[in-house]
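Undergrad: I'm passing along input.cif; it holds mmCIF, C-alpha atoms.
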```cif
data_my_file
loop_
_atom_site.label_atom_id
_atom_site.label_comp_id
_atom_site.auth_asym_id
_atom_site.auth_seq_id
_atom_site.Cartn_x
_atom_site.Cartn_y
_atom_site.Cartn_z
CA MET A 1 247.02 118.50 45.69
CA THR A 2 245.62 115.80 43.39
CA ARG A 3 245.05 112.27 44.62
CA ALA A 4 247.89 111.04 42.40
CA ALA A 5 250.29 113.65 43.78
CA ASP A 6 249.30 112.83 47.34
CA LEU A 7 249.80 109.11 46.67
CA LEU A 8 253.29 109.68 45.24
CA ARG A 9 254.21 111.91 48.16
CA ARG A 10 253.14 109.25 50.66
CA LEU A 11 255.00 106.48 48.85
CA SER A 12 258.17 108.59 48.76
CA LYS A 13 257.89 109.21 52.51
CA GLU A 14 257.49 105.45 53.04
CA GLY A 15 260.84 104.88 51.35
CA PHE A 16 259.86 103.89 47.82
CA ILE A 17 262.15 105.21 45.09
CA VAL A 18 259.99 107.19 42.66
CA PRO A 19 262.12 108.24 39.66
CA GLU A 20 261.24 111.67 38.30
CA GLN A 21 260.19 110.29 34.92
CA VAL A 22 257.87 107.80 36.63
CA LYS A 23 256.39 110.53 38.81
CA LYS A 24 255.68 112.71 35.77
CA ALA A 25 254.07 109.80 33.92
CA MET A 26 251.82 108.86 36.86
CA LEU A 27 250.71 112.48 37.24
CA LYS A 28 249.90 112.63 33.53
CA VAL A 29 248.18 109.26 33.01
CA ASP A 30 244.85 108.83 34.81
CA ILE A 31 244.09 105.42 36.30
CA GLU A 32 240.40 106.25 35.82
CA ASP A 33 240.87 105.87 32.05
CA PHE A 34 241.66 102.18 32.43
CA THR A 35 238.98 100.87 34.77
CA ASP A 36 235.31 101.49 35.46
CA TYR A 37 235.68 100.16 39.01
CA ASP A 38 236.07 102.40 42.03
CA VAL A 39 239.69 103.61 42.05
CA ALA A 40 239.76 104.47 45.76
CA PRO A 41 241.79 101.29 46.54
CA PHE A 42 244.42 102.38 44.00
CA TYR A 43 244.95 105.70 45.76
CA ALA A 44 245.27 103.73 49.00
CA ASP A 45 248.13 101.79 47.32
CA ARG A 46 246.15 98.64 46.61
CA PRO A 47 245.34 96.74 43.41
CA VAL A 48 242.20 97.80 41.58
CA PRO A 49 240.06 95.54 39.36
CA TYR A 50 239.61 96.49 35.73
CA ILE A 51 237.68 93.61 34.18
CA GLU A 52 235.67 90.55 35.12
CA SER A 53 236.09 87.86 32.48
CA ASP A 54 233.26 85.75 31.11
CA SER A 55 234.48 82.91 33.34
CA GLY A 56 234.07 85.10 36.43
CA ASN A 57 237.75 85.83 37.08
CA ILE A 58 238.58 89.38 38.13
CA LYS A 59 241.77 90.87 36.74
CA THR A 60 243.50 93.74 38.46
CA ILE A 61 245.91 96.60 37.92
CA SER A 62 248.78 96.26 40.39
CA ALA A 63 249.14 98.47 43.44
CA PRO A 64 250.98 101.74 42.74
CA HIS A 65 254.08 100.84 44.75
CA MET A 66 254.51 97.70 42.63
CA ILE A 67 254.00 99.62 39.39
CA ILE A 68 256.64 102.11 40.51
CA THR A 69 259.00 99.27 41.41
CA LEU A 70 258.57 97.66 38.00
CA LEU A 71 259.11 100.94 36.13
CA HIS A 72 262.15 101.82 38.24
CA HIS A 73 263.89 98.53 37.46
CA MET A 74 262.99 98.73 33.76
CA GLU A 75 265.55 101.54 33.37
CA LEU A 76 263.43 103.27 30.75
CA ALA A 77 264.69 106.02 28.43
CA LEU A 78 263.43 108.03 25.49
CA GLY A 79 263.20 106.15 22.20
CA GLN A 80 263.29 102.62 23.60
CA GLU A 81 261.17 99.75 22.30
CA ILE A 82 259.59 97.74 25.11
CA ILE A 83 257.84 94.37 25.13
CA VAL A 84 255.07 94.06 27.71
CA ILE A 85 253.52 90.62 28.26
CA GLY A 86 250.27 90.95 30.19
CA CYS A 87 248.12 94.05 29.62
CA LYS A 88 247.21 95.03 33.19
CA GLY A 89 244.31 97.00 31.76
CA GLY A 90 246.61 99.07 29.57
CA TYR A 91 247.66 101.37 32.44
CA LEU A 92 251.24 100.14 32.74
CA SER A 93 251.73 100.31 28.96
CA ALA A 94 250.45 103.89 28.93
CA LEU A 95 252.96 104.84 31.62
CA ILE A 96 255.79 103.19 29.67
CA ALA A 97 254.71 104.88 26.45
CA THR A 98 254.73 108.23 28.22
CA ILE A 99 258.27 107.66 29.50
CA VAL A 100 259.81 106.39 26.22
CA GLY A 101 258.14 109.19 24.28
CA GLU A 102 256.94 109.62 20.73
CA ASP A 103 260.06 107.99 19.27
CA GLY A 104 259.65 104.93 21.49
CA ARG A 105 257.44 101.90 21.03
CA VAL A 106 255.46 99.65 23.36
CA ASN A 107 254.48 96.22 22.07
CA VAL A 108 251.95 94.38 24.22
CA LEU A 109 251.07 90.68 24.17
CA ASP A 110 248.33 89.01 26.21
CA PRO A 111 246.76 85.52 26.04
CA SER A 112 243.26 86.78 26.93
CA SER A 113 241.16 88.15 24.07
CA GLU A 114 238.89 89.88 26.61
CA VAL A 115 241.84 91.68 28.16
CA VAL A 116 243.24 92.60 24.74
CA ASN A 117 239.91 94.07 23.65
CA HIS A 118 239.68 96.06 26.89
CA ALA A 119 243.20 97.43 26.48
CA LYS A 120 242.70 98.29 22.80
CA GLU A 121 239.59 100.28 23.69
CA ARG A 122 241.34 102.17 26.48
CA LEU A 123 244.52 102.78 24.45
CA SER A 124 242.87 103.66 21.14
CA HIS A 125 244.43 107.16 21.19
CA TRP A 126 247.96 105.94 21.98
CA PRO A 127 249.66 105.57 18.55
CA THR A 128 252.97 104.23 19.93
CA ILE A 129 251.32 101.23 21.62
CA GLU A 130 250.49 98.08 19.67
CA ILE A 131 248.52 95.28 21.32
CA ARG A 132 248.26 91.71 20.08
CA SER A 133 246.74 88.54 21.48
CA VAL A 134 248.85 85.39 21.74
CA GLU A 135 247.39 81.91 22.03
CA ASP A 136 250.22 80.31 23.99
CA LEU A 137 252.99 82.07 25.88
CA ASP A 138 255.33 79.16 25.18
CA ILE A 139 255.06 79.67 21.42
CA ALA A 140 256.77 82.62 19.74
CA PRO A 141 254.19 84.93 18.12
CA VAL A 142 254.52 86.17 14.56
CA ALA A 143 254.10 89.75 15.81
CA PHE A 144 257.11 91.79 16.93
CA PRO A 145 260.01 90.01 15.18
CA GLY A 146 263.67 90.68 15.88
CA GLU A 147 265.61 91.14 19.09
CA PHE A 148 264.24 92.51 22.35
CA ASN A 149 266.11 94.82 24.71
CA ARG A 150 263.52 95.31 27.46
CA VAL A 151 260.84 92.73 28.30
CA ILE A 152 258.49 92.80 31.27
CA LEU A 153 256.04 90.07 32.26
CA THR A 154 253.29 91.47 34.46
CA GLY A 155 251.97 88.21 35.91
CA GLN A 156 253.12 85.02 37.58
CA ILE A 157 254.99 82.56 35.42
CA GLU A 158 257.12 79.59 36.42
CA ALA A 159 259.88 80.16 33.87
CA ILE A 160 260.74 82.63 31.12
CA PRO A 161 259.66 81.12 27.76
CA GLU A 162 262.67 80.07 25.71
CA TRP A 163 261.61 82.13 22.67
CA ILE A 164 261.90 85.27 24.79
CA LYS A 165 265.29 84.39 26.25
CA SER A 166 266.65 83.51 22.82
CA ARG A 167 265.77 86.95 21.45
CA ILE A 168 267.08 89.21 24.19
CA SER A 169 269.84 91.40 22.78
CA ASP A 170 273.23 91.58 24.44
CA GLY A 171 272.88 93.94 27.39
CA GLY A 172 269.11 93.55 27.47
CA PHE A 173 267.02 92.05 30.24
CA VAL A 174 263.73 90.53 31.32
CA ILE A 175 261.78 91.36 34.48
CA ALA A 176 259.23 88.81 35.65
CA PRO A 177 257.61 87.39 38.82
CA LEU A 178 258.93 83.82 38.73
CA GLY A 179 257.52 81.07 40.92
CA ASP A 180 254.34 79.19 41.69
CA ILE A 181 250.87 80.69 42.04
CA ASP A 182 251.17 81.40 45.77
CA SER A 183 254.56 83.10 45.88
CA GLN A 184 257.14 84.40 43.46
CA ASN A 185 260.39 86.32 43.33
CA LEU A 186 260.53 89.37 41.11
CA MET A 187 263.57 88.56 38.98
CA LYS A 188 265.65 90.75 36.71
CA ILE A 189 267.53 88.54 34.25
CA GLU A 190 270.20 90.32 32.23
CA PHE A 191 271.93 88.81 29.20
CA GLN A 192 275.60 89.67 28.69
CA ASP A 193 277.97 87.72 26.44
CA ASN A 194 275.60 84.74 26.42
CA ILE A 195 275.59 84.72 30.22
CA GLU A 196 272.40 85.12 32.28
CA LEU A 197 272.83 87.38 35.30
CA GLU A 198 269.99 87.09 37.80
CA THR A 199 269.01 89.71 40.36
CA ASN A 200 266.32 88.93 42.93
CA LEU A 201 264.27 92.10 43.47
CA GLY A 202 262.20 90.62 46.29
CA ASN A 203 259.24 88.41 47.10
CA VAL A 204 255.98 89.22 45.34
CA CYS A 205 252.61 87.60 44.78
CA PHE A 206 251.17 88.23 41.31
CA GLY A 207 248.22 86.52 39.70
CA PRO A 208 249.06 84.49 36.58
CA ILE A 209 249.22 86.30 33.26
CA ASP A 210 246.54 84.03 31.82
CA LEU A 211 244.22 83.47 34.77
CA ASP A 212 241.63 81.57 32.75
CA SER A 213 244.16 78.98 31.60
CA THR A 214 245.01 77.81 35.11
CA ASP A 215 243.85 74.58 36.68
CA ASN A 216 240.13 74.79 37.38
CA THR A 217 240.26 72.47 40.37
CA HIS A 218 238.39 74.11 43.23
CA LEU A 219 239.78 74.49 46.70
CA HIS A 220 238.91 72.37 49.71
CA PRO A 221 237.87 74.25 52.90
CA LYS A 222 241.19 73.76 54.70
CA GLU A 223 243.17 74.81 51.62
CA LEU A 224 241.14 78.00 51.44
CA ALA A 225 241.63 78.56 55.18
CA ASP A 226 245.42 78.24 54.80
CA LEU A 227 245.47 80.74 51.94
CA ILE A 228 243.33 83.23 53.85
CA GLU A 229 245.72 82.95 56.80
CA LEU A 230 248.56 83.79 54.41
CA SER A 231 246.67 86.83 53.15
CA ILE A 232 246.03 87.96 56.75
CA GLU A 233 249.77 87.88 57.46
CA THR A 234 250.47 89.90 54.31
CA CYS A 235 247.79 92.47 55.12
CA GLU A 236 249.20 92.85 58.63
CA GLU A 237 252.72 93.35 57.28
CA LEU A 238 251.42 96.03 54.90
CA GLU A 239 249.37 97.59 57.73
CA ILE A 240 246.25 97.71 55.58
CA ILE A 241 243.88 95.71 57.77
CA ASP A 242 241.91 97.06 60.72
CA TYR A 243 240.84 95.19 63.87
CA GLU A 244 237.31 94.37 62.70
CA GLU A 245 238.55 93.01 59.37
CA LEU A 246 241.22 90.97 61.13
CA GLN A 247 238.72 89.43 63.54
CA SER A 248 236.30 88.65 60.72
CA LEU A 249 238.93 86.89 58.60
CA GLN A 250 240.23 84.93 61.59
CA ASP A 251 236.69 83.82 62.40
CA LEU A 252 236.25 82.77 58.77
CA VAL A 253 239.44 80.71 58.93
CA ALA A 254 238.21 78.96 62.08
CA LYS A 255 234.81 78.19 60.52
CA LEU A 256 236.42 76.81 57.35
CA ASN A 257 238.72 74.57 59.40
CA ASN A 258 235.72 73.27 61.36
CA LEU A 259 233.84 72.13 58.26
CA PRO A 260 233.70 68.33 57.98
CA ASP A 261 236.69 66.72 56.29
CA GLU A 262 234.38 65.15 53.73
CA THR A 263 233.10 68.55 52.54
CA PRO A 264 233.56 68.50 48.74
CA PRO A 265 235.16 71.39 46.84
CA ILE A 266 232.81 73.99 45.41
CA GLY A 267 231.33 72.73 42.16
CA GLU A 268 231.59 69.08 43.20
CA GLY A 269 229.45 66.65 45.17
CA GLY A 270 226.17 67.71 43.58
CA ILE A 271 225.73 70.67 45.95
CA PRO A 272 224.34 73.84 44.30
CA ILE A 273 226.86 76.67 44.55
CA SER A 274 224.43 78.84 46.52
CA GLU A 275 223.99 76.04 49.07
CA HIS A 276 227.64 75.11 49.48
CA PRO A 277 228.87 75.71 53.07
CA MET A 278 232.07 77.40 51.88
CA VAL A 279 230.10 79.86 49.76
CA LYS A 280 227.69 80.52 52.61
CA LEU A 281 230.60 81.24 54.94
CA LEU A 282 232.22 83.62 52.50
CA TRP A 283 228.93 85.37 51.92
CA HIS A 284 228.17 85.62 55.64
CA TYR A 285 231.53 87.22 56.48
CA SER A 286 231.96 89.27 53.29
CA PRO A 287 230.48 92.61 54.50
CA SER A 288 233.19 93.04 57.12
CA PHE A 289 236.14 92.53 54.74
CA LEU A 290 234.68 93.62 51.39
CA ARG A 291 237.10 96.58 51.32
CA LEU A 292 240.03 94.15 51.16
CA TRP A 293 238.50 91.81 48.59
CA PRO A 294 240.45 93.04 45.51
CA ILE A 295 243.80 92.56 47.23
CA ILE A 296 242.73 89.25 48.80
CA GLN A 297 241.84 87.98 45.33
CA VAL A 298 245.34 88.80 44.13
CA MET A 299 247.00 87.18 47.15
CA LEU A 300 245.01 83.97 47.06
CA HIS A 301 244.65 81.20 44.54
CA PRO A 302 243.03 82.06 41.14
CA MET A 303 239.98 80.03 42.14
CA ILE A 304 239.08 82.66 44.71
CA SER A 305 238.31 84.99 41.81
CA ASN A 306 235.21 82.95 41.08
CA PHE A 307 233.65 84.31 44.28
CA ASN A 308 232.21 87.69 43.27
CA LEU A 309 231.01 88.95 46.62
CA GLN A 310 229.09 91.87 45.14
CA THR A 311 226.93 89.75 42.83
CA TRP A 312 225.97 86.76 44.97
CA ASN A 313 222.38 88.00 45.08
CA GLN A 314 221.14 84.44 44.70
CA ILE A 315 222.00 83.89 48.36
CA ASP A 316 219.76 85.37 51.03
CA ASP A 317 221.97 87.14 53.57
CA ASP A 318 219.25 86.79 56.18
CA GLU A 319 218.97 83.05 55.71
CA ASP A 320 219.52 81.00 58.86
CA ILE A 321 222.72 79.03 58.46
CA ASP A 322 223.63 76.10 60.64
CA TRP A 323 227.36 76.44 61.21
#
```
Let's see the structure in the file written out as structure tokens.
TA:
Amino acid sequence: MTRAADLLRRLSKEGFIVPEQVKKAMLKVDIEDFTDYDVAPFYADRPVPYIESDSGNIKTISAPHMIITLLHHMELALGQEIIVIGCKGGYLSALIATIVGEDGRVNVLDPSSEVVNHAKERLSHWPTIEIRSVEDLDIAPVAFPGEFNRVILTGQIEAIPEWIKSRISDGGFVIAPLGDIDSQNLMKIEFQDNIELETNLGNVCFGPIDLDSTDNTHLHPKELADLIELSIETCEELEIIDYEELQSLQDLVAKLNNLPDETPPIGEGGIPISEHPMVKLLWHYSPSFLRLWPIIQVMLHPMISNFNLQTWNQIDDDEDIDW
């Protein structure tokens, strides 16, 4: 049994609905074609990174159960034309293209030129997928004119842009994670006779579509501690955290909360990044929860993506640190 087949079998046993067309697509399309990172987390039903941007933000492909959920609610069929906003490494678009077939079309928009270039490279042999960059999600692009029947946004957004809503055909719908950066509801918004019908598909926590456009204000220690506590609760609910990882993260939360109230955010106060107490704490505890880092990055604030635990070689792990 292949790793993909084993993953789908496990997800089905856990109660996830895996439509036959989605199963066939996931068995046909290899996740390895869309990322050079280790894909072991993906087969353990966790997000997997696919690119680190020039600004240091790590972008991920969603966990398999979430991809299956999105595809299930998209109600895909042969010959459809789909709008995908947010590349997700190209993997989701490849799955959609496989399902809608040679007579279908997948049009992809993304505000990150780095992400677009990555996806174009990985999807160069997929003739039914067209990828374009868009400068601002609130402004209608010249590409892909006409009405839309199926639109999916693959990252956090506070509201559906008006240009999208105005072009949904009667009977069409949009699926998007709507809410703030820390928590969203996956919403399916159908348009019938000029009426919007909303269906809440559940609570989710996606990173923003354009991570590099978010507020660059760094987190204070207690803000980071609160967000890590939230990620601990989520990991416990998903049963993906072991005792050692749990203890390590709880210790980290306690240490962050014990830092002086006047501790400046990272990047402020004239403290070199390698000498900042928050960075030292993260570096000190990182070996014991490194396995969870990709999913923690997705759960937390975008600023956490600036901490690349595998490349902080400027910090000496053996250095004596006064906690």
Undergrad: Between atom CA of A:Lys222 and atom CA of A:Lys255, what is the distance in Å, rounded to a tenth?
TA: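 Pair atom CA of A:Lys222 / atom CA of A:Lys255 returns 9.7 Å.
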Undergrad: Selection in question (the file shown): the PyMOL selection byres ((chain A and resi 113) around 10). Which residues does it include, as a ChimeraX atom specification?
TA: /A:53,110-112,114-119,132-135
Undergrad: Which is closest to A:Leu123 among A:Asp45, A:Glu158, A:Asp170, A:Asp33, if we use only C-alpha atoms?
TA: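 Closest to A:Leu123 of all the choices is A:Asp33.
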Undergrad: Counting all atoms listed in the file, what is within 6 Å of A:Ile85, bar same-chain residues fewer than 4 positions away, as a PDB file with C-alpha atoms, in the frame of the given file?
TA:
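Below is the file that was written, part-v7.pdb:
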```
ATOM      1  CA  VAL A 108     251.950  94.380  24.220  1.00  0.00           C
ATOM      2  CA  LEU A 109     251.070  90.680  24.170  1.00  0.00           C
ATOM      3  CA  ASP A 110     248.330  89.010  26.210  1.00  0.00           C
ATOM      4  CA  LEU A 153     256.040  90.070  32.260  1.00  0.00           C
TER       5      LEU A 153
END
```
Undergrad: Considering all atoms listed in the file, return as an NGL selection string whatever protein or nucleic-acid residues lie within 12 Å of A:Pro145, sequence-local ones (same chain, fewer than 3 positions apart) excluded.
TA: :A and (83 or 107 or 140-142 or 148 or 163-164 or 167-168)
Undergrad: Using all atoms listed in the file, find the one residue out of A:Trp126, A:Trp283, A:Phe173, A:Phe206 that sits nearest to A:Glu190.
TA: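 Checking each of A:Trp126, A:Trp283, A:Phe173, A:Phe206 against A:Glu190, counting all atoms listed in the file, the winner is A:Phe173.
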Undergrad: What gap, in Å, lies between atom CA of A:Pro47 and atom CA of A:Ile152?
TA: 18.3 Å
Undergrad: One number please: atom CA of A:Tyr91 to atom CA of A:Ile31, in Å, one decimal.
TA: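 Result for atom CA of A:Tyr91 versus atom CA of A:Ile31: 6.6 Å, one decimal.
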Undergrad: For stretch 239-242 of chain A, please output as a ChimeraX atom specification all residues within 10 Å (counting only C-alpha atoms; exclusion window: fewer than 6 positions along the same chain).
TA: /A:44-46,232-233,289,291-292
Undergrad: Identify, on the basis of all atoms listed in the file, every residue whose closest approach to A:Tyr37 does not exceed 8 Å; exclude the query and any residue fewer than 6 positions from it along the same chain; express the result as a PyMOL selection string.
TA: chain A and resi 48-50
Undergrad: What would the list of residues within 9 Å of (264.1, 96.7, 27.0) (file frame) look like as an MDAnalysis selection string, if all atoms listed in the file are what count?
TA: chainID A and resid 74:76 80:83 148:152 168:169 172:174
Undergrad: Mind telling me what the PyMOL selection byres ((chain A and resi 24) around 12) catches here, as a PyMOL selection string?
TA: chain A and resi 4-5+8+18-23+25-30+68+95-96+98-99
Undergrad: I'd like to know which of A:Phe42, A:Leu186, A:Arg105, A:Pro64 is closest to A:Phe144, using only C-alpha atoms.
TA: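 Using only C-alpha atoms, the shortest distance to A:Phe144 belongs to A:Arg105.
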